[in-house]
Every structure is written in structure tokens, then in C-alpha cells.
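J.: So here's protein_21.txt (compact mmCIF, C-alpha atoms and all ligand atoms).
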# COMPACT_ATOMS: atom_id res chain seq x y z
CA MET D 1 60.93 129.69 85.64
CA ILE D 2 64.62 128.88 85.11
CA THR D 3 65.85 125.53 86.41
CA PHE D 4 69.45 125.20 87.54
CA ILE D 5 70.56 121.58 87.43
CA GLY D 6 73.60 119.81 88.82
CA ALA D 7 74.62 117.39 86.05
CA GLY D 8 76.86 115.23 88.24
CA PRO D 9 80.55 114.54 87.75
CA GLY D 10 80.48 112.95 84.29
CA ASP D 11 78.73 109.58 84.06
CA PRO D 12 75.40 110.58 82.47
CA GLU D 13 73.53 108.20 84.79
CA LEU D 14 74.67 110.24 87.79
CA ILE D 15 72.25 113.09 87.16
CA THR D 16 69.14 113.05 89.38
CA ILE D 17 65.86 111.78 87.97
CA LYS D 18 64.39 115.21 88.60
CA GLY D 19 67.21 116.94 86.72
CA LYS D 20 66.95 114.55 83.77
CA LYS D 21 63.17 115.10 83.50
CA LYS D 22 63.68 118.85 83.37
CA ILE D 23 66.27 118.50 80.60
CA ASP D 24 63.92 116.25 78.61
CA GLU D 25 61.17 118.90 78.84
CA ALA D 26 63.36 121.94 78.16
CA ASP D 27 62.99 124.31 75.18
CA VAL D 28 66.27 126.08 75.95
CA ILE D 29 69.36 124.42 77.44
CA ILE D 30 72.46 126.29 78.59
CA TYR D 31 75.24 123.96 79.66
CA ALA D 32 78.87 124.35 80.74
CA GLY D 33 80.46 122.62 77.76
CA SER D 34 83.94 122.58 79.24
CA LEU D 35 82.95 120.06 81.93
CA VAL D 36 79.40 118.75 81.52
CA ASN D 37 79.16 115.45 79.66
CA PRO D 38 76.94 116.22 76.63
CA HIS D 39 75.32 112.79 77.08
CA VAL D 40 73.39 114.14 80.08
CA MET D 41 71.35 115.94 77.42
CA ASP D 42 70.55 112.82 75.39
CA GLY D 43 66.78 112.73 75.08
CA HIS D 44 66.30 116.48 74.85
CA LYS D 45 63.49 117.77 72.62
CA PRO D 46 64.58 117.68 68.97
CA ASP D 47 63.93 121.40 68.56
CA ALA D 48 65.48 122.46 71.89
CA LYS D 49 67.94 125.33 71.55
CA ILE D 50 71.29 124.42 73.10
CA TYR D 51 73.93 126.94 74.22
CA ASP D 52 77.43 126.18 75.46
CA SER D 53 78.19 128.68 78.23
CA ALA D 54 81.94 128.18 77.72
CA TYR D 55 81.62 130.72 74.89
CA MET D 56 79.36 133.14 76.75
CA HIS D 57 79.83 135.78 79.42
CA LEU D 58 77.40 136.38 82.26
CA ASP D 59 75.32 139.02 80.42
CA GLU D 60 74.85 136.67 77.46
CA VAL D 61 73.76 133.80 79.70
CA ILE D 62 71.23 136.05 81.44
CA ASP D 63 69.98 137.40 78.09
CA VAL D 64 69.24 133.87 76.88
CA MET D 65 67.40 133.12 80.13
CA LYS D 66 65.38 136.35 79.95
CA LYS D 67 64.40 135.80 76.32
CA ALA D 68 63.26 132.24 77.10
CA GLU D 69 61.26 133.53 80.06
CA ASP D 70 59.64 136.31 78.00
CA GLU D 71 58.63 133.76 75.37
CA GLY D 72 57.17 131.40 77.97
CA LYS D 73 59.75 128.71 77.20
CA LYS D 74 61.24 126.23 79.65
CA CYS D 75 64.90 127.01 80.23
CA VAL D 76 67.44 124.87 82.08
CA ARG D 77 70.95 125.85 83.11
CA VAL D 78 73.12 122.75 83.48
CA HIS D 79 76.15 122.94 85.78
CA THR D 80 78.82 120.33 86.35
CA GLY D 81 78.72 118.41 89.63
CA ASP D 82 76.62 120.48 92.00
CA PRO D 83 76.13 124.16 91.23
CA ALA D 84 76.84 125.14 94.85
CA ILE D 85 80.55 124.31 94.54
CA TYR D 86 82.61 126.65 92.34
CA GLY D 87 79.62 126.97 90.05
CA ALA D 88 79.56 130.76 89.51
CA HIS D 89 75.94 130.13 90.40
CA ARG D 90 75.10 132.86 92.88
CA GLU D 91 75.79 135.69 90.43
CA GLN D 92 73.24 134.23 88.02
CA MET D 93 70.59 133.85 90.73
CA ASP D 94 71.17 137.42 91.88
CA ARG D 95 70.68 138.72 88.34
CA LEU D 96 67.47 136.74 87.99
CA ASP D 97 66.28 138.20 91.31
CA GLU D 98 66.94 141.69 89.94
CA LEU D 99 64.93 140.87 86.83
CA GLY D 100 62.11 139.33 88.87
CA ILE D 101 62.55 135.95 87.15
CA ASP D 102 61.73 132.91 89.26
CA TYR D 103 64.11 129.94 89.44
CA GLU D 104 64.63 126.62 91.18
CA VAL D 105 67.76 124.58 91.88
CA ILE D 106 68.07 120.83 91.46
CA PRO D 107 71.22 119.55 93.18
CA GLY D 108 73.75 117.21 91.62
CA VAL D 109 76.50 114.80 92.62
CA SER D 110 79.59 116.94 93.08
CA SER D 111 82.85 115.61 91.68
CA ALA D 112 83.93 115.61 95.35
CA PHE D 113 81.59 112.67 95.86
CA GLY D 114 82.17 111.11 92.45
CA THR D 115 85.82 111.01 93.46
CA ALA D 116 85.19 109.35 96.85
CA ALA D 117 83.06 106.76 95.04
CA VAL D 118 85.65 105.82 92.44
CA LEU D 119 88.36 105.71 95.10
CA LYS D 120 86.00 103.54 97.21
CA LYS D 121 86.87 105.61 100.28
CA GLU D 122 85.04 107.47 103.06
CA TYR D 123 86.19 111.02 103.81
CA THR D 124 85.18 110.97 107.49
CA LEU D 125 86.60 108.20 109.64
CA PRO D 126 86.69 107.96 113.44
CA GLY D 127 90.10 107.73 115.12
CA GLU D 128 93.02 109.80 116.37
CA ASN D 129 94.83 109.86 113.04
CA GLN D 130 91.70 110.48 111.06
CA SER D 131 89.38 113.40 110.50
CA GLN D 132 85.71 114.09 111.02
CA THR D 133 85.96 117.22 108.90
CA VAL D 134 86.13 117.75 105.14
CA ILE D 135 87.51 120.96 103.69
CA PHE D 136 86.52 121.82 100.11
CA THR D 137 89.00 124.34 98.84
CA ARG D 138 91.21 125.44 95.97
CA MET D 139 94.58 127.02 95.44
CA GLU D 140 94.81 130.68 94.64
CA GLY D 141 94.67 131.18 90.89
CA ARG D 142 93.07 134.10 89.14
CA THR D 143 90.56 134.14 92.00
CA PRO D 144 92.40 135.32 95.14
CA MET D 145 91.82 133.44 98.41
CA PRO D 146 90.33 135.39 101.33
CA PRO D 147 92.60 136.00 104.35
CA GLY D 148 93.20 132.90 106.46
CA GLU D 149 92.23 130.48 103.68
CA LYS D 150 95.56 129.82 102.04
CA LEU D 151 96.25 126.10 101.91
CA VAL D 152 99.02 126.52 104.45
CA ASP D 153 96.44 127.89 106.94
CA LEU D 154 93.86 125.19 106.25
CA ALA D 155 96.49 122.44 106.47
CA ARG D 156 96.88 123.17 110.18
CA HIS D 157 93.66 121.23 110.81
CA ARG D 158 94.95 118.08 109.15
CA ALA D 159 91.39 117.50 108.02
CA THR D 160 90.44 115.59 104.88
CA MET D 161 90.95 118.07 102.05
CA VAL D 162 89.25 118.02 98.66
CA ILE D 163 91.10 120.49 96.49
CA PHE D 164 89.44 121.72 93.30
CA LEU D 165 90.87 123.61 90.32
CA SER D 166 94.46 123.16 91.44
CA VAL D 167 96.07 120.18 89.72
CA GLY D 168 98.25 122.62 87.78
CA PHE D 169 99.88 123.81 91.01
CA LEU D 170 100.71 120.51 92.70
CA ASN D 171 104.21 121.51 93.64
CA GLU D 172 102.97 124.53 95.58
CA LEU D 173 100.00 122.52 96.90
CA SER D 174 102.23 119.87 98.47
CA LYS D 175 104.63 122.49 99.79
CA GLN D 176 101.86 124.40 101.56
CA CYS D 177 100.27 121.23 102.97
CA ILE D 178 103.60 120.13 104.46
CA GLU D 179 104.43 123.61 105.72
CA GLY D 180 100.99 123.78 107.33
CA GLY D 181 101.38 120.55 109.24
CA TYR D 182 100.70 117.38 107.23
CA PRO D 183 103.64 114.95 107.31
CA PRO D 184 105.21 114.50 103.84
CA GLU D 185 104.13 110.84 103.82
CA THR D 186 100.44 111.82 104.04
CA PRO D 187 98.56 109.95 101.31
CA VAL D 188 97.21 111.88 98.34
CA ALA D 189 95.12 110.85 95.36
CA VAL D 190 94.56 112.79 92.17
CA VAL D 191 91.48 111.77 90.24
CA TYR D 192 91.15 112.97 86.66
CA LYS D 193 87.62 112.99 85.18
CA ALA D 194 86.07 110.88 87.91
CA THR D 195 83.25 108.64 86.54
CA TRP D 196 84.09 109.44 82.85
CA PRO D 197 85.25 106.64 80.54
CA ASP D 198 88.77 108.15 80.42
CA GLN D 199 89.05 108.56 84.20
CA LYS D 200 92.53 108.26 85.69
CA ILE D 201 93.58 107.75 89.30
CA VAL D 202 97.05 108.54 90.58
CA ARG D 203 97.96 107.64 94.15
CA GLY D 204 100.99 108.85 96.10
CA THR D 205 102.04 111.01 99.02
CA LEU D 206 102.56 114.74 99.45
CA ALA D 207 106.22 114.05 98.75
CA ASP D 208 105.84 112.33 95.39
CA ILE D 209 102.41 113.13 93.94
CA GLU D 210 103.57 115.99 91.72
CA GLN D 211 106.03 113.79 89.86
CA LYS D 212 103.53 110.95 89.46
CA VAL D 213 100.83 113.26 88.12
CA LYS D 214 103.29 114.80 85.69
CA GLU D 215 104.16 111.33 84.42
CA ALA D 216 100.45 110.56 83.99
CA GLY D 217 100.09 113.75 81.91
CA ILE D 218 97.22 115.19 83.98
CA THR D 219 96.97 118.97 83.81
CA LYS D 220 93.28 119.78 84.40
CA THR D 221 89.81 118.45 85.33
CA ALA D 222 91.11 116.67 88.36
CA LEU D 223 90.57 116.74 92.09
CA THR D 224 93.35 116.34 94.62
CA VAL D 225 92.31 114.68 97.87
CA VAL D 226 94.61 114.68 100.85
CA GLY D 227 94.42 112.80 104.14
CA ASN D 228 94.81 109.59 106.08
CA PHE D 229 91.34 108.47 105.05
CA LEU D 230 93.10 107.12 101.96
CA GLU D 231 95.21 104.66 103.92
CA GLY D 232 95.61 105.19 107.67
CA ASP D 233 94.22 103.19 110.60
CA TYR D 234 90.79 104.11 111.85
CA ASN D 235 88.33 103.09 114.56
CA LEU D 236 85.07 101.31 113.87
CA SER D 237 81.92 103.41 114.17
CA LYS D 238 79.85 103.50 117.33
CA LEU D 239 76.71 103.41 115.20
CA TYR D 240 77.19 99.76 114.25
CA ASP D 241 79.18 98.69 117.33
CA LYS D 242 77.43 95.64 118.77
CA ASN D 243 78.37 96.74 122.33
CA PHE D 244 76.57 100.07 122.02
CA SER D 245 72.84 100.69 122.06
CA THR D 246 71.34 103.20 119.65
CA GLU D 247 67.88 104.67 119.32
CA PHE D 248 66.93 101.70 117.13
CA ARG D 249 68.95 98.81 118.46
CA LYS D 250 69.97 97.41 121.88
CA ALA D 251 73.55 96.39 122.63
CA VAL D 252 74.20 92.68 122.31
CA ASP D 253 74.83 91.10 125.78
CA GLU D 254 77.79 88.80 125.65
N1 LIG D 301 80.53 122.25 90.59
C1 LIG D 301 81.59 121.29 90.30
C2 LIG D 301 82.97 121.90 90.38
C3 LIG D 301 83.22 122.97 89.35
S1 LIG D 301 84.83 123.63 89.40
C4 LIG D 301 81.42 120.06 91.22
O1 LIG D 301 80.58 120.08 92.13
O2 LIG D 301 82.11 119.07 91.00
C5 LIG D 301 85.68 122.64 88.23
C6 LIG D 301 86.67 121.75 88.92
O3 LIG D 301 85.98 120.66 89.51
C7 LIG D 301 87.70 121.11 88.01
O4 LIG D 301 88.80 121.95 87.80
C8 LIG D 301 88.11 119.91 88.83
O5 LIG D 301 88.96 120.29 89.89
C9 LIG D 301 86.78 119.51 89.44
N2 LIG D 301 86.05 118.49 88.65
C10 LIG D 301 84.89 118.63 87.99
N3 LIG D 301 84.50 117.45 87.45
C11 LIG D 301 85.43 116.55 87.80
C12 LIG D 301 85.59 115.13 87.60
N4 LIG D 301 84.68 114.42 86.94
N5 LIG D 301 86.67 114.54 88.13
C13 LIG D 301 87.59 115.23 88.84
N6 LIG D 301 87.49 116.55 89.08
C14 LIG D 301 86.42 117.20 88.57
Kindly present the structure from the file in C-alpha cells form.
T.:
Amino acid sequence: MITFIGAGPGDPELITIKGKKKIDEADVIIYAGSLVNPHVMDGHKPDAKIYDSAYMHLDEVIDVMKKAEDEGKKCVRVHTGDPAIYGAHREQMDRLDELGIDYEVIPGVSSAFGTAAVLKKEYTLPGENQSQTVIFTRMEGRTPMPPGEKLVDLARHRATMVIFLSVGFLNELSKQCIEGGYPPETPVAVVYKATWPDQKIVRGTLADIEQKVKEAGITKTALTVVGNFLEGDYNLSKLYDKNFSTEFRKAVDE
């Protein structure tokens, strides 16, 4: 049995209890050294074998998993954030299926949510100028975007956008957002290494964020979040509105 684990965004206390227990029990650990905080592995067995997948290609990762399985060892594969978001996770699961090796997945706190937490913001707010929709996306890099998913197309919705893997293309990012329909004064935040000790937050607008991020020297490991949830007006929720009844609570008569 191979266990895929979401390690969370950085702070080693943001891994799940279940994920941490599996790491503590593991004989073989494969982790994404470029982004996973090695402290999530504190407490591993002293003789656990540890591999950094940054130096491995897919076949090598699968070979390590297969060998561990053949030897009856417990093997964990530790991904940053949650494996379901830009984790190159599916291709590993498919290979394990082909080999008839069983696996389980323990979710993690995506950096998308680590970022909302450190910004102390909520992505979905009620109100005309707000959005009830969150788009997780990226700019086209070496991985091409499918038709209809260029930022300029997605920007038409004026939803809250959480943009991964793209802090190196902020000029183009802002250009496409504005071209797609966000006003240039739309608030933007760039969060570098959310929840790590060296975290940095840069706030601005589509018009000036590129310059500010350049000045801060941020070139990677950052999320760009776009939308009025960062600053705009919003309506209060109906859920806690004292004039509305819910399944659990009657409206207050005034
Ligand atoms: N599965 C991960 C994302 C992997 S893709 C998750 O759920 O968070 C790698 C990209 O995620 C980075 O380029 C960056 O855009 C973002 N990222 C990962 N950790 C981050 C962090 N602590 N702070 C800000 N962005 C982060």
C-alpha cells in the first residue's frame, strides 16, 4: 500500500494528523524537495529511506514505490499542499493501477487555502461586486493551456482567481486579466511561501503589482490572487442574518 500525503503549504503543523502518523510509520519516504518543508518529516523512523523526487523522473519514483511494495515496506509519497492541485499525482496513481499496487490518498491544506489564511480573507463573498466562484488556474508555461482556458478567457467571469505557478509572468498575467474584463484597479495580492518563516505578502492592483513584486524580489513559489474579495464592499451572509430563519434557528422578531 502506497500512501500519498498532502504536506500542506509549508508550516509543518499544517499537515493532517493522519498524514503525520503515516510519515512517522513509513519505511520509505519520497517527498517533493523543491516545495515540501523537510520539517514535516521530523519524527520519521531513524532508518527510513528518504528520496527527494526533485531529482527523479516518473519511472524512478514508481520503481522506488514498487520495490518498497515488493519488500513489504510502508511507503509514503509526500506532495506539497494537496496532491490534487498541480501535483502530477494522477500519472503516479495510473502507473500503480497498471502494476496492481494499492494506494490511498490523504488530503492536505493547499497553498490556495494557506494563502487565504495568511491574508485573513474569504474568497467567496456575497454581493454584486463580489464573487461566489473561485477559479484555480495557471498561466501557460511549458504546459499548454487547453482551449478556452487562457487567463483572458477566464477573466471574463470576474471571479476570485487563485493563480499558481505564474509569478514569473506577472506582466502578461495583469494584461490578460485587464483585457478579459477586470478593471485595472482590481486588487491583487502575491503571497510568497505562505505559512513559511520567510513568507512575504505584496499587495497592489492589476496595474501596479508587477512592479511591486519585482521590487520585493519574488520570482517563484508564490500565488497570485485576484479579486474584490481583497478589498471591495460585500453583503453580510444570509446564514447569520438575524432577520432570516434557517434550519437551526428562527428569525429574531423585532
Ligand atoms: N499542490 C500544491 C501546488 C503545487 S504547484 C498546492 O496544493 O498548494 C506549485 C505552485 O504552488 C508554486 O509554484 C506556487 O505557485 C504554489 N505554492 C506552493 N506552495 C506555496 C506557498 N507556501 N505559498 C505560495 N504559493 C505556493
J.: Please give the centre and size of the box around ligand LIG 301 (chain D) (axis-aligned, containing every atom listed in the file, 3 Å added per side), with values in Å to one decimal and written as lines of an AutoDock Vina configuration file.
T.:
center_x = 84.7
center_y = 119.0
center_z = 89.5
size_x = 14.4
size_y = 15.2
size_z = 11.2
J.: Please identify all protein, DNA and RNA residues within 7 Å of ligand LIG 301 (chain D), counting all atoms listed in the file, and report them as a PDB file with C-alpha atoms, keeping the file's coordinate frame.
T.:
ATOM      1  CA  PRO D   9      80.550 114.540  87.750  1.00  0.00           C
ATOM      2  CA  GLY D  10      80.480 112.950  84.290  1.00  0.00           C
ATOM      3  CA  LEU D  35      82.950 120.060  81.930  1.00  0.00           C
ATOM      4  CA  HIS D  79      76.150 122.940  85.780  1.00  0.00           C
ATOM      5  CA  THR D  80      78.820 120.330  86.350  1.00  0.00           C
ATOM      6  CA  GLY D  81      78.720 118.410  89.630  1.00  0.00           C
ATOM      7  CA  ASP D  82      76.620 120.480  92.000  1.00  0.00           C
ATOM      8  CA  PRO D  83      76.130 124.160  91.230  1.00  0.00           C
ATOM      9  CA  ALA D  84      76.840 125.140  94.850  1.00  0.00           C
ATOM     10  CA  ILE D  85      80.550 124.310  94.540  1.00  0.00           C
ATOM     11  CA  TYR D  86      82.610 126.650  92.340  1.00  0.00           C
ATOM     12  CA  GLY D  87      79.620 126.970  90.050  1.00  0.00           C
ATOM     13  CA  VAL D 109      76.500 114.800  92.620  1.00  0.00           C
ATOM     14  CA  SER D 110      79.590 116.940  93.080  1.00  0.00           C
ATOM     15  CA  SER D 111      82.850 115.610  91.680  1.00  0.00           C
ATOM     16  CA  ALA D 112      83.930 115.610  95.350  1.00  0.00           C
ATOM     17  CA  GLY D 114      82.170 111.110  92.450  1.00  0.00           C
ATOM     18  CA  THR D 115      85.820 111.010  93.460  1.00  0.00           C
ATOM     19  CA  ILE D 163      91.100 120.490  96.490  1.00  0.00           C
ATOM     20  CA  PHE D 164      89.440 121.720  93.300  1.00  0.00           C
ATOM     21  CA  LEU D 165      90.870 123.610  90.320  1.00  0.00           C
ATOM     22  CA  SER D 166      94.460 123.160  91.440  1.00  0.00           C
ATOM     23  CA  VAL D 191      91.480 111.770  90.240  1.00  0.00           C
ATOM     24  CA  TYR D 192      91.150 112.970  86.660  1.00  0.00           C
ATOM     25  CA  LYS D 193      87.620 112.990  85.180  1.00  0.00           C
ATOM     26  CA  ALA D 194      86.070 110.880  87.910  1.00  0.00           C
ATOM     27  CA  THR D 195      83.250 108.640  86.540  1.00  0.00           C
ATOM     28  CA  TRP D 196      84.090 109.440  82.850  1.00  0.00           C
ATOM     29  CA  LYS D 220      93.280 119.780  84.400  1.00  0.00           C
ATOM     30  CA  THR D 221      89.810 118.450  85.330  1.00  0.00           C
ATOM     31  CA  ALA D 222      91.110 116.670  88.360  1.00  0.00           C
ATOM     32  CA  LEU D 223      90.570 116.740  92.090  1.00  0.00           C
TER      33      LEU D 223
END
J.: Give me the residues near Tyr234 of chain D as a VMD selection string, where near means some atom within 7 Å (using all atoms listed in the file) and where sequence neighbours in that chain fewer than 5 positions away do not count.
T.: chain D and resid 125 to 127 130
J.: How many Å separate atom CA of Glu210 of chain D from atom CA of Ser174 of chain D?
T.: 7.9 Å
J.: What is the distance between atom CA of Leu151 of chain D and atom CA of Gln176 of chain D, in Å to one decimal?
T.: 5.9 Å
J.: Could you jot down the atom CA of Lys73 of chain D to atom CA of Met93 of chain D separation for me, Å, one decimal place?
T.: 18.1 Å
J.: Calculated over all atoms listed in the file, which of the candidates D:Pro197, D:Leu14, D:Phe169, D:Val225 has the smallest distance to Gln211 of chain D?
T.: D:Phe169
J.: What's around Lys66 of chain D at 10 Å? Count only C-alpha atoms, leave out sequence neighbours fewer than 2 positions away in its own chain, and write the answer as a PyMOL selection string.
T.: chain D and resi 1-2+60-64+68-73+75+96+99-101
J.: Point out the residue among D:Ala48, D:Ala116, D:Ile5, D:Ala207 with the least atom-to-atom distance to Tyr103 of chain D, counting all atoms listed in the file.
T.: D:Ile5
J.: Excluding Gly227 of chain D and any residue of its chain fewer than 2 positions from it, enumerate the residues within 8 Å of it, using only C-alpha atoms, and give them as a list in words.
T.: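 Once the nearby chain positions are removed, what remains is Gln130, Arg158, Ala159, Thr160, Met161, Thr186, Pro187, Val188, Val225, Phe229 and Leu230 of chain D.
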J.: Please identify all polymer residues within 10 Å of Lys22 of chain D, counting only C-alpha atoms, omitting same-chain residues fewer than 5 positions from it, and present them as an MDAnalysis selection string.
T.: chainID D and resid 3:5 16:17 27 29 44 74:76 106
